[in-house]
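Below is run_19.cif, holding mmCIF, C-alpha atoms and all ligand atoms.
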```
data_run
#
loop_
_atom_site.group_PDB
_atom_site.id
_atom_site.type_symbol
_atom_site.label_atom_id
_atom_site.label_comp_id
_atom_site.auth_asym_id
_atom_site.auth_seq_id
_atom_site.Cartn_x
_atom_site.Cartn_y
_atom_site.Cartn_z
ATOM 1 C CA MET A 1 0.000 0.000 0.000
ATOM 2 C CA PRO A 2 1.465 3.374 -0.961
ATOM 3 C CA SER A 3 1.257 5.905 1.843
ATOM 4 C CA VAL A 4 -1.449 8.494 1.504
ATOM 5 C CA ASN A 5 -0.242 12.007 1.004
ATOM 6 C CA PRO A 6 -3.074 14.534 0.864
ATOM 7 C CA GLU A 7 -0.901 16.829 -1.278
ATOM 8 C CA ASN A 8 -0.509 14.275 -3.997
ATOM 9 C CA SER A 9 -2.777 11.299 -4.489
ATOM 10 C CA GLY A 10 -3.675 9.243 -7.528
ATOM 11 C CA THR A 11 -0.400 9.965 -9.311
ATOM 12 C CA GLU A 12 -0.488 6.624 -11.175
ATOM 13 C CA SER A 13 -3.429 8.012 -13.125
ATOM 14 C CA GLY A 14 -1.460 11.163 -13.953
ATOM 15 C CA ILE A 15 -3.915 13.064 -11.775
ATOM 16 C CA GLU A 16 -2.689 15.152 -8.869
ATOM 17 C CA ILE A 17 -5.058 16.291 -6.132
ATOM 18 C CA VAL A 18 -4.201 19.198 -3.847
ATOM 19 C CA GLN A 19 -6.518 19.776 -0.905
ATOM 20 C CA LEU A 20 -6.601 23.411 0.223
ATOM 21 C CA PRO A 21 -7.715 24.561 3.663
ATOM 22 C CA CYS A 22 -9.779 27.764 3.269
ATOM 23 C CA LEU A 23 -11.660 30.117 5.624
ATOM 24 C CA SER A 24 -11.946 28.740 9.167
ATOM 25 C CA ASP A 25 -12.668 25.060 8.448
ATOM 26 C CA ASN A 26 -13.461 24.621 4.735
ATOM 27 C CA TYR A 27 -11.591 22.495 2.221
ATOM 28 C CA CYS A 28 -11.610 22.701 -1.538
ATOM 29 C CA SER A 29 -9.458 20.666 -3.903
ATOM 30 C CA LEU A 30 -7.467 21.349 -7.038
ATOM 31 C CA VAL A 31 -7.397 18.429 -9.476
ATOM 32 C CA HIS A 32 -4.726 18.559 -12.166
ATOM 33 C CA HIS A 33 -4.163 16.134 -15.040
ATOM 34 C CA HIS A 34 -0.561 16.471 -16.169
ATOM 35 C CA ASP A 35 -0.693 15.090 -19.736
ATOM 36 C CA SER A 36 -3.715 17.099 -20.835
ATOM 37 C CA ASP A 37 -2.781 20.077 -18.632
ATOM 38 C CA THR A 38 -6.346 20.259 -17.321
ATOM 39 C CA THR A 39 -7.157 21.762 -13.925
ATOM 40 C CA LEU A 40 -10.402 21.723 -11.959
ATOM 41 C CA VAL A 41 -11.361 23.040 -8.580
ATOM 42 C CA ILE A 42 -14.149 21.507 -6.524
ATOM 43 C CA ASP A 43 -15.957 24.376 -4.744
ATOM 44 C CA THR A 44 -14.559 27.872 -4.250
ATOM 45 C CA PRO A 45 -14.572 29.011 -0.607
ATOM 46 C CA ASP A 46 -11.785 31.530 -1.231
ATOM 47 C CA ALA A 47 -10.907 32.797 -4.731
ATOM 48 C CA GLU A 48 -7.702 34.476 -3.580
ATOM 49 C CA GLU A 49 -6.273 31.393 -1.920
ATOM 50 C CA ILE A 50 -7.240 29.244 -4.937
ATOM 51 C CA THR A 51 -5.586 31.732 -7.308
ATOM 52 C CA ARG A 52 -2.426 31.822 -5.170
ATOM 53 C CA GLN A 53 -2.162 28.023 -5.154
ATOM 54 C CA LEU A 54 -2.785 27.766 -8.907
ATOM 55 C CA GLU A 55 -0.150 30.399 -9.684
ATOM 56 C CA TYR A 56 2.360 28.780 -7.345
ATOM 57 C CA ARG A 57 2.040 25.562 -9.401
ATOM 58 C CA GLY A 58 1.863 27.275 -12.784
ATOM 59 C CA TRP A 59 -1.629 25.932 -13.476
ATOM 60 C CA SER A 60 -4.502 27.767 -15.135
ATOM 61 C CA LEU A 61 -8.077 26.936 -14.156
ATOM 62 C CA ASP A 62 -10.358 25.218 -16.688
ATOM 63 C CA TYR A 63 -13.402 24.144 -14.670
ATOM 64 C CA VAL A 64 -15.154 24.814 -11.375
ATOM 65 C CA LEU A 65 -17.228 21.898 -10.070
ATOM 66 C CA THR A 66 -19.900 22.864 -7.549
ATOM 67 C CA THR A 67 -21.163 20.491 -4.855
ATOM 68 C CA HIS A 68 -23.972 22.772 -3.646
ATOM 69 C CA HIS A 69 -25.188 26.342 -3.433
ATOM 70 C CA HIS A 70 -24.138 27.359 0.095
ATOM 71 C CA TRP A 71 -22.016 30.506 0.082
ATOM 72 C CA ASP A 72 -18.892 28.871 1.509
ATOM 73 C CA HIS A 73 -18.808 26.599 -1.566
ATOM 74 C CA ILE A 74 -19.567 29.160 -4.306
ATOM 75 C CA ASP A 75 -18.155 32.422 -2.998
ATOM 76 C CA GLY A 76 -15.198 32.526 -5.438
ATOM 77 C CA HIS A 77 -17.039 31.345 -8.570
ATOM 78 C CA GLU A 78 -17.433 34.680 -10.330
ATOM 79 C CA GLN A 79 -14.021 36.040 -9.419
ATOM 80 C CA LEU A 80 -12.295 32.891 -10.721
ATOM 81 C CA LYS A 81 -14.390 32.888 -13.897
ATOM 82 C CA GLU A 82 -13.411 36.487 -14.557
ATOM 83 C CA LYS A 83 -9.737 35.786 -13.988
ATOM 84 C CA PHE A 84 -9.324 32.410 -15.753
ATOM 85 C CA GLY A 85 -12.347 32.205 -18.081
ATOM 86 C CA CYS A 86 -13.116 28.815 -16.552
ATOM 87 C CA LYS A 87 -16.426 26.992 -17.066
ATOM 88 C CA ILE A 88 -18.669 26.563 -14.046
ATOM 89 C CA ILE A 89 -20.474 23.269 -13.526
ATOM 90 C CA GLY A 90 -23.222 22.448 -11.036
ATOM 91 C CA SER A 91 -26.424 20.480 -10.618
ATOM 92 C CA LEU A 92 -29.455 21.314 -12.758
ATOM 93 C CA ALA A 93 -31.591 21.355 -9.614
ATOM 94 C CA ASP A 94 -29.499 24.263 -8.284
ATOM 95 C CA HIS A 95 -28.797 26.167 -11.493
ATOM 96 C CA GLU A 96 -30.575 29.287 -10.265
ATOM 97 C CA ARG A 97 -28.529 29.362 -7.074
ATOM 98 C CA ILE A 98 -25.040 28.831 -8.554
ATOM 99 C CA PRO A 99 -23.430 32.055 -9.781
ATOM 100 C CA GLY A 100 -21.950 32.037 -13.293
ATOM 101 C CA ILE A 101 -23.095 28.489 -14.087
ATOM 102 C CA ASP A 102 -22.315 27.344 -17.669
ATOM 103 C CA LEU A 103 -23.044 23.621 -17.626
ATOM 104 C CA THR A 104 -25.631 21.700 -15.602
ATOM 105 C CA VAL A 105 -25.324 18.051 -14.577
ATOM 106 C CA ASN A 106 -27.685 15.322 -13.393
ATOM 107 C CA ASP A 107 -27.434 12.144 -11.360
ATOM 108 C CA ASP A 108 -25.239 9.443 -12.908
ATOM 109 C CA GLN A 109 -23.943 11.745 -15.610
ATOM 110 C CA GLN A 110 -20.438 11.033 -16.905
ATOM 111 C CA LEU A 111 -18.187 13.965 -17.696
ATOM 112 C CA GLN A 112 -14.868 13.988 -19.458
ATOM 113 C CA LEU A 113 -12.971 17.187 -18.761
ATOM 114 C CA GLY A 114 -9.601 17.109 -20.526
ATOM 115 C CA ASP A 115 -8.656 13.497 -19.844
ATOM 116 C CA ILE A 116 -10.309 13.420 -16.424
ATOM 117 C CA ASN A 117 -13.335 11.124 -16.126
ATOM 118 C CA ILE A 118 -15.933 12.177 -13.606
ATOM 119 C CA GLN A 119 -19.149 10.575 -12.489
ATOM 120 C CA VAL A 120 -21.841 12.776 -10.972
ATOM 121 C CA ILE A 121 -23.675 11.320 -7.977
ATOM 122 C CA ALA A 122 -26.802 13.180 -6.844
ATOM 123 C CA THR A 123 -26.865 13.227 -3.025
ATOM 124 C CA PRO A 124 -29.887 15.207 -1.789
ATOM 125 C CA GLY A 125 -30.206 15.754 1.971
ATOM 126 C CA HIS A 126 -28.005 18.649 3.128
ATOM 127 C CA THR A 127 -29.503 20.571 0.183
ATOM 128 C CA LEU A 128 -31.845 19.176 -2.474
ATOM 129 C CA GLY A 129 -29.479 19.852 -5.386
ATOM 130 C CA HIS A 130 -26.292 18.572 -3.703
ATOM 131 C CA VAL A 131 -24.040 16.446 -5.926
ATOM 132 C CA CYS A 132 -20.809 14.547 -5.292
ATOM 133 C CA TYR A 133 -18.126 13.980 -7.928
ATOM 134 C CA TRP A 134 -16.413 10.598 -8.236
ATOM 135 C CA LEU A 135 -13.139 10.287 -10.160
ATOM 136 C CA PRO A 136 -12.701 6.512 -10.628
ATOM 137 C CA GLU A 137 -9.142 6.620 -12.049
ATOM 138 C CA ALA A 138 -7.950 8.881 -9.244
ATOM 139 C CA GLU A 139 -9.852 6.730 -6.712
ATOM 140 C CA ALA A 140 -11.295 9.886 -5.156
ATOM 141 C CA VAL A 141 -14.753 11.202 -4.372
ATOM 142 C CA PHE A 142 -15.540 14.806 -3.484
ATOM 143 C CA THR A 143 -18.426 14.769 -1.060
ATOM 144 C CA GLY A 144 -18.956 18.460 -0.204
ATOM 145 C CA ASP A 145 -21.274 18.728 2.797
ATOM 146 C CA THR A 146 -22.971 15.337 2.271
ATOM 147 C CA LEU A 147 -20.406 13.134 3.961
ATOM 148 C CA PHE A 148 -17.730 14.256 6.414
ATOM 149 C CA SER A 149 -15.220 12.073 8.164
ATOM 150 C CA LEU A 150 -17.178 10.453 11.025
ATOM 151 C CA GLY A 151 -20.243 12.561 10.233
ATOM 152 C CA CYS A 152 -22.632 13.882 7.632
ATOM 153 C CA GLY A 153 -24.150 17.231 6.708
ATOM 154 C CA ARG A 154 -27.100 18.753 8.517
ATOM 155 C CA LEU A 155 -30.490 18.300 6.886
ATOM 156 C CA PHE A 156 -31.253 21.834 5.719
ATOM 157 C CA GLU A 157 -33.481 20.942 2.752
ATOM 158 C CA GLY A 158 -33.871 17.182 2.462
ATOM 159 C CA THR A 159 -35.175 14.384 4.689
ATOM 160 C CA ALA A 160 -33.273 11.813 6.725
ATOM 161 C CA GLU A 161 -34.478 9.172 4.291
ATOM 162 C CA GLN A 162 -33.011 11.059 1.323
ATOM 163 C CA MET A 163 -29.719 11.575 3.131
ATOM 164 C CA TRP A 164 -29.450 7.911 4.103
ATOM 165 C CA HIS A 165 -30.079 6.959 0.473
ATOM 166 C CA SER A 166 -27.371 9.440 -0.623
ATOM 167 C CA ILE A 167 -24.863 8.079 1.885
ATOM 168 C CA GLN A 168 -25.512 4.526 0.704
ATOM 169 C CA LYS A 169 -24.516 5.597 -2.815
ATOM 170 C CA ILE A 170 -21.149 6.805 -1.493
ATOM 171 C CA ARG A 171 -20.794 3.698 0.672
ATOM 172 C CA SER A 172 -21.112 1.447 -2.385
ATOM 173 C CA LEU A 173 -18.070 2.936 -4.169
ATOM 174 C CA PRO A 174 -14.820 0.881 -4.180
ATOM 175 C CA GLN A 175 -13.409 0.608 -0.646
ATOM 176 C CA GLN A 176 -10.050 2.142 -1.470
ATOM 177 C CA THR A 177 -11.744 5.352 -2.680
ATOM 178 C CA MET A 178 -10.438 8.396 -0.815
ATOM 179 C CA ILE A 179 -13.079 10.763 0.529
ATOM 180 C CA TYR A 180 -12.412 14.498 0.166
ATOM 181 C CA CYS A 181 -15.046 16.448 2.090
ATOM 182 C CA GLY A 182 -15.959 20.106 2.452
ATOM 183 C CA HIS A 183 -15.032 20.749 6.097
ATOM 184 C CA GLU A 184 -12.576 19.805 8.831
ATOM 185 C CA TYR A 185 -15.195 18.704 11.374
ATOM 186 C CA THR A 186 -13.606 15.364 12.222
ATOM 187 C CA ALA A 187 -12.545 15.995 15.833
ATOM 188 C CA SER A 188 -15.981 17.117 16.986
ATOM 189 C CA ASN A 189 -17.669 14.400 14.895
ATOM 190 C CA ALA A 190 -15.426 11.843 16.612
ATOM 191 C CA LYS A 191 -16.723 12.845 20.045
ATOM 192 C CA PHE A 192 -20.303 12.189 18.998
ATOM 193 C CA ALA A 193 -19.396 8.950 17.187
ATOM 194 C CA ALA A 194 -17.585 7.614 20.269
ATOM 195 C CA HIS A 195 -20.530 8.636 22.443
ATOM 196 C CA ILE A 196 -23.045 6.537 20.490
ATOM 197 C CA ASP A 197 -20.690 3.709 19.462
ATOM 198 C CA PRO A 198 -18.486 3.251 22.546
ATOM 199 C CA GLU A 199 -17.508 -0.399 21.861
ATOM 200 C CA ASN A 200 -16.025 0.312 18.422
ATOM 201 C CA THR A 201 -12.280 -0.238 18.842
ATOM 202 C CA ARG A 202 -11.384 0.933 15.335
ATOM 203 C CA LEU A 203 -13.191 4.191 16.122
ATOM 204 C CA GLN A 204 -11.206 4.599 19.359
ATOM 205 C CA GLN A 205 -7.993 4.134 17.397
ATOM 206 C CA ARG A 206 -9.100 6.661 14.790
ATOM 207 C CA GLN A 207 -9.971 9.140 17.532
ATOM 208 C CA MET A 208 -6.396 8.980 18.835
ATOM 209 C CA GLU A 209 -5.018 9.454 15.319
ATOM 210 C CA ILE A 210 -7.271 12.485 14.880
ATOM 211 C CA THR A 211 -6.056 14.070 18.109
ATOM 212 C CA GLU A 212 -2.435 13.606 16.997
ATOM 213 C CA LEU A 213 -3.092 15.016 13.522
ATOM 214 C CA ARG A 214 -4.925 18.077 14.832
ATOM 215 C CA GLU A 215 -2.288 18.766 17.469
ATOM 216 C CA ALA A 216 0.286 18.735 14.665
ATOM 217 C CA GLY A 217 -1.898 21.126 12.655
ATOM 218 C CA LEU A 218 -2.523 18.472 9.978
ATOM 219 C CA PRO A 219 -5.777 17.645 8.138
ATOM 220 C CA THR A 220 -7.677 14.456 9.034
ATOM 221 C CA VAL A 221 -8.905 14.079 5.456
ATOM 222 C CA PRO A 222 -8.833 12.662 2.852
ATOM 223 C CA VAL A 223 -9.830 9.401 4.484
ATOM 224 C CA SER A 224 -10.462 6.011 2.899
ATOM 225 C CA LEU A 225 -14.014 4.821 2.398
ATOM 226 C CA LYS A 226 -13.030 1.565 4.133
ATOM 227 C CA LEU A 227 -12.125 3.409 7.325
ATOM 228 C CA GLU A 228 -15.359 5.423 7.212
ATOM 229 C CA GLN A 229 -17.362 2.220 6.751
ATOM 230 C CA GLU A 230 -15.777 0.949 9.960
ATOM 231 C CA THR A 231 -16.135 4.111 12.031
ATOM 232 C CA ASN A 232 -18.698 6.629 10.728
ATOM 233 C CA PRO A 233 -22.014 5.985 12.556
ATOM 234 C CA PHE A 234 -24.005 7.583 9.716
ATOM 235 C CA MET A 235 -22.716 4.819 7.412
ATOM 236 C CA ARG A 236 -23.487 2.091 9.946
ATOM 237 C CA VAL A 237 -27.162 2.607 10.816
ATOM 238 C CA ASP A 238 -28.174 -0.716 9.207
ATOM 239 C CA LEU A 239 -25.632 -2.732 11.216
ATOM 240 C CA GLN A 240 -26.529 -4.770 14.303
ATOM 241 C CA ALA A 241 -23.524 -3.471 16.257
ATOM 242 C CA LEU A 242 -24.622 0.167 16.134
ATOM 243 C CA GLN A 243 -28.337 -0.596 16.534
ATOM 244 C CA GLN A 244 -27.599 -2.597 19.689
ATOM 245 C CA SER A 245 -25.463 0.082 21.260
ATOM 246 C CA LEU A 246 -28.328 2.550 20.664
ATOM 247 C CA SER A 247 -30.923 0.059 21.973
ATOM 248 C CA LEU A 248 -32.675 0.348 18.595
ATOM 249 C CA SER A 249 -32.512 -3.257 17.411
ATOM 250 C CA GLY A 250 -35.309 -4.020 14.991
ATOM 251 C CA TYR A 251 -35.731 -0.434 13.782
ATOM 252 C CA SER A 252 -35.273 0.357 10.103
ATOM 253 C CA ALA A 253 -32.036 1.948 8.889
ATOM 254 C CA GLU A 254 -33.972 5.142 8.008
ATOM 255 C CA GLN A 255 -35.367 5.348 11.547
ATOM 256 C CA VAL A 256 -31.944 4.846 13.144
ATOM 257 C CA PHE A 257 -30.436 7.393 10.765
ATOM 258 C CA ALA A 258 -33.108 9.994 11.569
ATOM 259 C CA HIS A 259 -32.622 9.309 15.285
ATOM 260 C CA ILE A 260 -28.855 9.793 15.333
ATOM 261 C CA ARG A 261 -29.025 12.838 13.031
ATOM 262 C CA LYS A 262 -31.364 14.448 15.608
ATOM 263 C CA LEU A 263 -29.122 13.405 18.501
ATOM 264 C CA LYS A 264 -26.133 14.950 16.724
ATOM 265 C CA ASP A 265 -27.997 18.234 16.164
ATOM 266 C CA GLN A 266 -28.464 18.496 19.929
ATOM 267 C CA PHE A 267 -25.072 17.091 20.970
HETATM 268 ZN ZN ZN B 301 -23.295 23.423 3.017
HETATM 269 FE FE FE B 302 -20.226 24.062 3.878
#
```
What is this file in structure tokens?
Amino acid sequence: MPSVNPENSGTESGIEIVQLPCLSDNYCSLVHHHDSDTTLVIDTPDAEEITRQLEYRGWSLDYVLTTHHHWDHIDGHEQLKEKFGCKIIGSLADHERIPGIDLTVNDDQQLQLGDINIQVIATPGHTLGHVCYWLPEAEAVFTGDTLFSLGCGRLFEGTAEQMWHSIQKIRSLPQQTMIYCGHEYTASNAKFAAHIDPENTRLQQRQMEITELREAGLPTVPVSLKLEQETNPFMRVDLQALQQSLSLSGYSAEQVFAHIRKLKDQF
């Protein structure tokens, strides 16, 4: 297993991913394909920081991919479009709420941008038009505010049932897929996860790793889907182990999901 370096993953595919911390706890990612000299950014929390990082690497910007319409994901769209002439992509359901949008996408749509293959996965719940972007060759998925490490987004527009369905779509991707999410919320998510799933030894181990990473000022993401499957309670609501520790054996996955999402809101 090659070690995971958040600055540089998926190099065998010729694709380089650079995760950028922005604002107080946001992440966005630059994706660069070397042979076709194509560069994308997923979400734009901070146009100036994105521009600085592009210029530092000598990359121009060809496309902006939008996960959802919240301001901390679209704030830099127009400024970047003006500077680089890039095309802005986002979900059809949100086209009126995404500034500068040029191209709309739907669930399951395949995109080829330069030589980068992208699959759109509609994931309503946090917002109704939320989409995730899966790059199979780079073994990476960009989950915005749908899935965080050890957590998931709040239900601002959709239902718990929709969100659970969305999370199952992410859960069914190949296990080695690396999850790039929209925020560094892992440490506080870990406290809640450990509270409701206290017997999970892999989660306890992950919690210690998270403490070490954060004390060293390092990001806790990207994280492998396999590790999330083992530790993220929002991915585990249909498993006996979690249902038993919540005394909810026999309840449906949707009911357990709705229950723990409510608990987390009040935690
Ligand atoms: Zn959001
Ligand atoms: Fe956000």
As a check of understanding: the span from atom CA of A:Pro99 to atom CA of A:Leu54 is 21.1 Å
Checklist entry - Counting only C-alpha atoms and all ligand atoms, what residues are within 7 Å of ligand ZN 301 (chain B), given as a PyMOL selection string? => result chain A and resi 68+70+126+145
Run the PyMOL selection byres (((not hetatm)) within 9 of (chain B and resi 302)) against the file shown and list the residues it catches, as a list in words.
Asp25, Asn26, Tyr27, Pro45, His68, His70, Trp71, Asp72, His73, Gly144, Asp145, Gly153, Gly182 and His183 of chain A
Translate the PyMOL selection byres (((chain A and resi 194) around 10) and not hetatm) into a concrete residue list for this structure, as a ChimeraX atom specification. /A:150,189-193,195-201,203-204,207,231-233
Please identify all polymer residues within 9 Å of A:Gln79, counting all atoms listed in the file, omitting same-chain residues fewer than 5 positions from it, and present them as an mmCIF file with C-alpha atoms, in the frame of the given file.
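Dumped everything to around00.cif:
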```
data_model
loop_
_atom_site.group_PDB
_atom_site.id
_atom_site.type_symbol
_atom_site.label_atom_id
_atom_site.label_comp_id
_atom_site.auth_asym_id
_atom_site.auth_seq_id
_atom_site.Cartn_x
_atom_site.Cartn_y
_atom_site.Cartn_z
ATOM 1 C CA ALA A 47 -10.907 32.797 -4.731
ATOM 2 C CA GLU A 48 -7.702 34.476 -3.580
ATOM 3 C CA PHE A 84 -9.324 32.410 -15.753
#
```
One residue among A:Pro124, A:Gly90, A:Gly76, A:Gly14 is nearest to A:Gln109 when using all atoms listed in the file, and that residue is A:Gly90
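For the set A:Glu212, A:Glu254, A:Asp43, A:Glu228, the residue with the smallest atom-to-atom gap to A:Thr159 is A:Glu254, counting all atoms listed in the file.
For the residues A:Ser60, A:Thr143, A:Thr127, A:Ser245, ranking by smallest atom-to-atom distance to A:Ser29 using all atoms listed in the file places A:Thr143 first.
Compared by their closest atoms to A:Thr66, and using only C-alpha atoms, the residues A:Ile15, A:Val131, A:Leu23, A:Ala122 rank with A:Val131 nearest.
Applied to the file shown here, the PyMOL selection byres (((chain A and resi 18) around 6) and not hetatm) selects A:Glu7, A:Ile17, A:Gln19, A:Ser29, A:Leu30.
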Problem - Nearby residues (all atoms listed in the file) at most 8 Å from A:Trp134, same-chain spacing under 4 positions excluded, as an NGL selection string - result: :A and (118-121 or 139-142)
From the list A:Cys181, A:Leu65, A:Ile167, A:Leu147, the nearest residue to A:Val221 using only C-alpha atoms is A:Cys181
